[in-house]
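Data from input.cif: mmCIF, C-alpha atoms, pLDDT in the B column; chains and numbers go by the auth columns
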data_input
loop_
_atom_site.group_PDB
_atom_site.id
_atom_site.type_symbol
_atom_site.label_atom_id
_atom_site.label_comp_id
_atom_site.label_asym_id
_atom_site.label_seq_id
_atom_site.Cartn_x
_atom_site.Cartn_y
_atom_site.Cartn_z
_atom_site.B_iso_or_equiv
_atom_site.auth_seq_id
_atom_site.auth_asym_id
ATOM 1 C CA MET A 1 17.951 2.261 1.686 65.00 1 A
ATOM 2 C CA LYS A 2 18.531 5.987 1.468 81.00 2 A
ATOM 3 C CA ALA A 3 19.470 7.705 -1.774 82.00 3 A
ATOM 4 C CA ILE A 4 23.096 7.527 -2.880 84.00 4 A
ATOM 5 C CA GLN A 5 24.594 10.241 -5.037 89.00 5 A
ATOM 6 C CA VAL A 6 26.811 8.948 -7.893 90.00 6 A
ATOM 7 C CA SER A 7 28.971 10.710 -10.468 93.00 7 A
ATOM 8 C CA ILE A 8 28.145 10.560 -14.165 95.00 8 A
ATOM 9 C CA ARG A 9 31.369 9.815 -16.048 95.00 9 A
ATOM 10 C CA GLN A 10 32.454 10.090 -19.657 95.00 10 A
ATOM 11 C CA ILE A 11 32.846 6.663 -21.325 94.00 11 A
ATOM 12 C CA GLY A 12 33.823 7.175 -24.966 93.00 12 A
ATOM 13 C CA ASN A 13 30.949 9.023 -26.648 94.00 13 A
ATOM 14 C CA SER A 14 28.558 7.963 -23.875 95.00 14 A
ATOM 15 C CA LYS A 15 28.162 8.578 -20.160 95.00 15 A
ATOM 16 C CA GLY A 16 28.004 6.036 -17.369 94.00 16 A
ATOM 17 C CA ILE A 17 27.840 5.528 -13.629 93.00 17 A
ATOM 18 C CA VAL A 18 29.444 3.104 -11.195 91.00 18 A
ATOM 19 C CA ILE A 19 26.744 1.221 -9.300 89.00 19 A
ATOM 20 C CA PRO A 20 27.739 0.652 -5.668 89.00 20 A
ATOM 21 C CA LYS A 21 27.980 -3.010 -4.638 89.00 21 A
ATOM 22 C CA PRO A 22 25.301 -2.738 -1.892 88.00 22 A
ATOM 23 C CA LEU A 23 22.753 -1.644 -4.513 87.00 23 A
ATOM 24 C CA LEU A 24 23.735 -4.497 -6.833 88.00 24 A
ATOM 25 C CA LEU A 25 23.359 -6.952 -3.961 89.00 25 A
ATOM 26 C CA GLN A 26 19.952 -5.532 -3.047 87.00 26 A
ATOM 27 C CA LEU A 27 18.760 -5.975 -6.657 86.00 27 A
ATOM 28 C CA GLY A 28 20.297 -9.418 -7.030 86.00 28 A
ATOM 29 C CA LEU A 29 22.548 -8.107 -9.802 87.00 29 A
ATOM 30 C CA ASN A 30 25.906 -8.785 -8.135 84.00 30 A
ATOM 31 C CA GLY A 31 27.945 -10.627 -10.744 82.00 31 A
ATOM 32 C CA ALA A 32 25.321 -10.020 -13.434 80.00 32 A
ATOM 33 C CA THR A 33 26.406 -8.975 -16.924 82.00 33 A
ATOM 34 C CA GLU A 34 23.022 -7.669 -18.087 84.00 34 A
ATOM 35 C CA ALA A 35 20.250 -5.564 -16.603 88.00 35 A
ATOM 36 C CA GLU A 36 17.026 -3.996 -17.847 89.00 36 A
ATOM 37 C CA MET A 37 16.921 -0.195 -17.834 91.00 37 A
ATOM 38 C CA THR A 38 13.847 1.959 -18.401 94.00 38 A
ATOM 39 C CA VAL A 39 12.729 5.515 -17.797 96.00 39 A
ATOM 40 C CA GLU A 40 9.552 5.904 -15.766 96.00 40 A
ATOM 41 C CA GLY A 41 8.517 9.538 -15.539 96.00 41 A
ATOM 42 C CA GLU A 42 11.714 11.319 -14.507 95.00 42 A
ATOM 43 C CA THR A 43 13.202 8.201 -12.908 93.00 43 A
ATOM 44 C CA LEU A 44 15.856 5.909 -14.340 91.00 44 A
ATOM 45 C CA VAL A 45 14.938 2.349 -13.307 91.00 45 A
ATOM 46 C CA LEU A 46 17.420 -0.539 -13.291 88.00 46 A
ATOM 47 C CA ARG A 47 16.158 -4.078 -12.664 86.00 47 A
ATOM 48 C CA LYS A 48 16.939 -7.716 -13.296 85.00 48 A
ATOM 49 C CA PRO A 49 15.822 -8.755 -16.782 83.00 49 A
ATOM 50 C CA ALA A 50 12.513 -10.643 -16.801 79.00 50 A
ATOM 51 C CA LYS A 51 14.361 -13.435 -18.583 73.00 51 A
ATOM 52 C CA PRO A 52 17.706 -13.557 -20.353 69.00 52 A
ATOM 53 C CA LEU A 53 17.731 -12.605 -24.023 72.00 53 A
ATOM 54 C CA ARG A 54 17.259 -15.608 -26.303 79.00 54 A
ATOM 55 C CA ALA A 55 16.518 -17.831 -23.307 80.00 55 A
ATOM 56 C CA GLY A 56 15.577 -21.305 -24.518 86.00 56 A
ATOM 57 C CA TRP A 57 16.547 -20.705 -28.157 88.00 57 A
ATOM 58 C CA ALA A 58 19.280 -23.375 -28.179 89.00 58 A
ATOM 59 C CA GLU A 59 16.977 -26.035 -26.743 90.00 59 A
ATOM 60 C CA ALA A 60 14.154 -25.079 -29.108 90.00 60 A
ATOM 61 C CA SER A 61 16.406 -25.302 -32.162 89.00 61 A
ATOM 62 C CA LYS A 62 17.602 -28.758 -31.073 90.00 62 A
ATOM 63 C CA ARG A 63 13.996 -29.937 -30.727 90.00 63 A
ATOM 64 C CA ILE A 64 13.137 -28.574 -34.187 89.00 64 A
ATOM 65 C CA ALA A 65 16.143 -30.330 -35.731 88.00 65 A
ATOM 66 C CA GLN A 66 15.348 -33.607 -33.955 89.00 66 A
ATOM 67 C CA SER A 67 11.775 -33.503 -35.199 90.00 67 A
ATOM 68 C CA GLY A 68 13.016 -32.979 -38.766 85.00 68 A
ATOM 69 C CA ASP A 69 11.127 -29.708 -39.082 81.00 69 A
ATOM 70 C CA ASP A 70 14.189 -27.655 -40.010 80.00 70 A
ATOM 71 C CA ALA A 71 13.984 -27.831 -43.809 79.00 71 A
ATOM 72 C CA LEU A 72 14.365 -24.665 -45.841 78.00 72 A
ATOM 73 C CA VAL A 73 10.998 -23.011 -46.386 78.00 73 A
ATOM 74 C CA MET A 74 11.895 -21.371 -49.699 78.00 74 A
ATOM 75 C CA GLY A 75 14.365 -23.992 -50.891 72.00 75 A
ATOM 76 C CA GLU A 76 17.752 -23.169 -52.357 76.00 76 A
ATOM 77 C CA PHE A 77 17.998 -20.145 -54.605 77.00 77 A
ATOM 78 C CA ALA A 78 20.844 -18.186 -56.115 78.00 78 A
ATOM 79 C CA ASN A 79 21.420 -14.539 -56.774 83.00 79 A
ATOM 80 C CA ALA A 80 22.198 -13.200 -60.229 82.00 80 A
ATOM 81 C CA GLY A 81 25.953 -13.499 -60.762 81.00 81 A
ATOM 82 C CA ASP A 82 26.528 -16.154 -58.061 82.00 82 A
ATOM 83 C CA GLU A 83 27.947 -18.588 -60.619 81.00 83 A
ATOM 84 C CA GLU A 84 30.823 -16.158 -61.214 83.00 84 A
ATOM 85 C CA LEU A 85 31.919 -16.229 -57.566 82.00 85 A
ATOM 86 C CA ALA A 86 34.865 -18.387 -56.517 78.00 86 A
ATOM 87 C CA TRP A 87 34.405 -20.143 -53.177 74.00 87 A
#
Mind turning this structure into structure tokens?
Amino acid sequence: MKAIQVSIRQIGNSKGIVIPKPLLLQLGLNGATEAEMTVEGETLVLRKPAKPLRAGWAEASKRIAQSGDDALVMGEFANAGDEELAW
């Protein structure tokens, strides 16, 4: 695909661009809510994330809880003055 020129727009205190749909389709990002952006040399690179952030965390925490390995490591402790707080 040949280069496409886009406008850089003001978005609050930042700047942004609108990514044309054909480019999103080509990258497999159509409908995506997250992407990975890096700078390589003088090139801004946008790609699909290697894996979603926190992928598998929910399942892992369920396995830990089911195995009974989710006890507090340090035990309960209070901060000075906690007894004066009203909950």
Give me, please, the distance in Å between atom CA of A:Leu23 and atom CA of A:Ile4, quoted to one decimal.
-> 9.3 Å
Enter the distance from atom CA of A:Ala35 to atom CA of A:Ala60, in Å, rounded to one decimal.
-> 24.0 Å
Would you work out the distance separating atom CA of A:Gly41 from atom CA of A:Gly28, expressed in Å to one decimal?
->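 Value for the atom CA of A:Gly41-atom CA of A:Gly28 distance: 23.9 Å.
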Pick out the residues sitting within 12 Å of A:Leu25, and hand them over as a PyMOL selection string; count only C-alpha atoms, and ignore anything fewer than 6 positions along from it in its own chain.
-> chain A and resi 19+31-32+47-48
Show me as an MDAnalysis selection string the residues that reach within 12 Å of (24.3, 8.7, -4.4), counting all atoms listed in the file and using the file's own coordinates.
-> chainID A and resid 1:8 17:20 22:23
Would you translate the PyMOL selection byres ((chain A and resi 37) around 12) into the concrete set of residues it matches in this file, as number ranges by chain?
-> A: 34-36, 38-40, 43-50
Residue neighbourhood A:Ser61, 9 Å, all atoms listed in the file, exclusion window fewer than 5 positions, as number ranges by chain | A: 56, 66, 70
Box time for stretch 82-85 of chain A: axis-aligned, enclosing all its listed atoms, 4 Å extra on each side; report centre and edge lengths in Å to one decimal, as JSON.
{"center_x": 29.2, "center_y": -17.4, "center_z": -59.4, "size_x": 13.4, "size_y": 10.4, "size_z": 11.6}
Just add N, CA and C atoms to stretch 41-56 of chain A and send it as a CSV table (one decimal), in the frame of the given file.
chain,number,residue,atom,x,y,z
A,41,GLY,N,8.6,8.1,-15.9
A,41,GLY,CA,8.5,9.5,-15.5
A,41,GLY,C,9.9,10.2,-15.6
A,42,GLU,N,10.4,10.7,-14.5
A,42,GLU,CA,11.7,11.3,-14.5
A,42,GLU,C,12.7,10.4,-13.7
A,43,THR,N,12.4,9.1,-13.7
A,43,THR,CA,13.2,8.2,-12.9
A,43,THR,C,13.8,7.2,-13.8
A,44,LEU,N,15.1,7.0,-13.6
A,44,LEU,CA,15.9,5.9,-14.3
A,44,LEU,C,15.7,4.7,-13.5
A,45,VAL,N,15.2,3.6,-14.1
A,45,VAL,CA,14.9,2.3,-13.3
A,45,VAL,C,15.8,1.2,-13.8
A,46,LEU,N,16.5,0.6,-13.0
A,46,LEU,CA,17.4,-0.5,-13.3
A,46,LEU,C,16.9,-1.8,-12.6
A,47,ARG,N,16.7,-2.9,-13.3
A,47,ARG,CA,16.2,-4.1,-12.7
A,47,ARG,C,16.7,-5.3,-13.4
A,48,LYS,N,16.6,-6.4,-12.7
A,48,LYS,CA,16.9,-7.7,-13.3
A,48,LYS,C,16.1,-7.9,-14.5
A,49,PRO,N,16.6,-8.5,-15.6
A,49,PRO,CA,15.8,-8.8,-16.8
A,49,PRO,C,14.8,-9.8,-16.4
A,50,ALA,N,13.6,-9.7,-17.0
A,50,ALA,CA,12.5,-10.6,-16.8
A,50,ALA,C,13.0,-12.0,-17.1
A,51,LYS,N,13.7,-12.2,-18.2
A,51,LYS,CA,14.4,-13.4,-18.6
A,51,LYS,C,15.5,-13.1,-19.5
A,52,PRO,N,16.6,-13.9,-19.5
A,52,PRO,CA,17.7,-13.6,-20.4
A,52,PRO,C,17.3,-13.5,-21.8
A,53,LEU,N,18.0,-12.7,-22.6
A,53,LEU,CA,17.7,-12.6,-24.0
A,53,LEU,C,18.0,-14.0,-24.7
A,54,ARG,N,17.2,-14.4,-25.6
A,54,ARG,CA,17.3,-15.6,-26.3
A,54,ARG,C,17.2,-16.8,-25.4
A,55,ALA,N,16.6,-16.7,-24.2
A,55,ALA,CA,16.5,-17.8,-23.3
A,55,ALA,C,15.7,-18.9,-24.0
A,56,GLY,N,16.3,-20.1,-24.0
A,56,GLY,CA,15.6,-21.3,-24.5
A,56,GLY,C,15.7,-21.5,-26.0
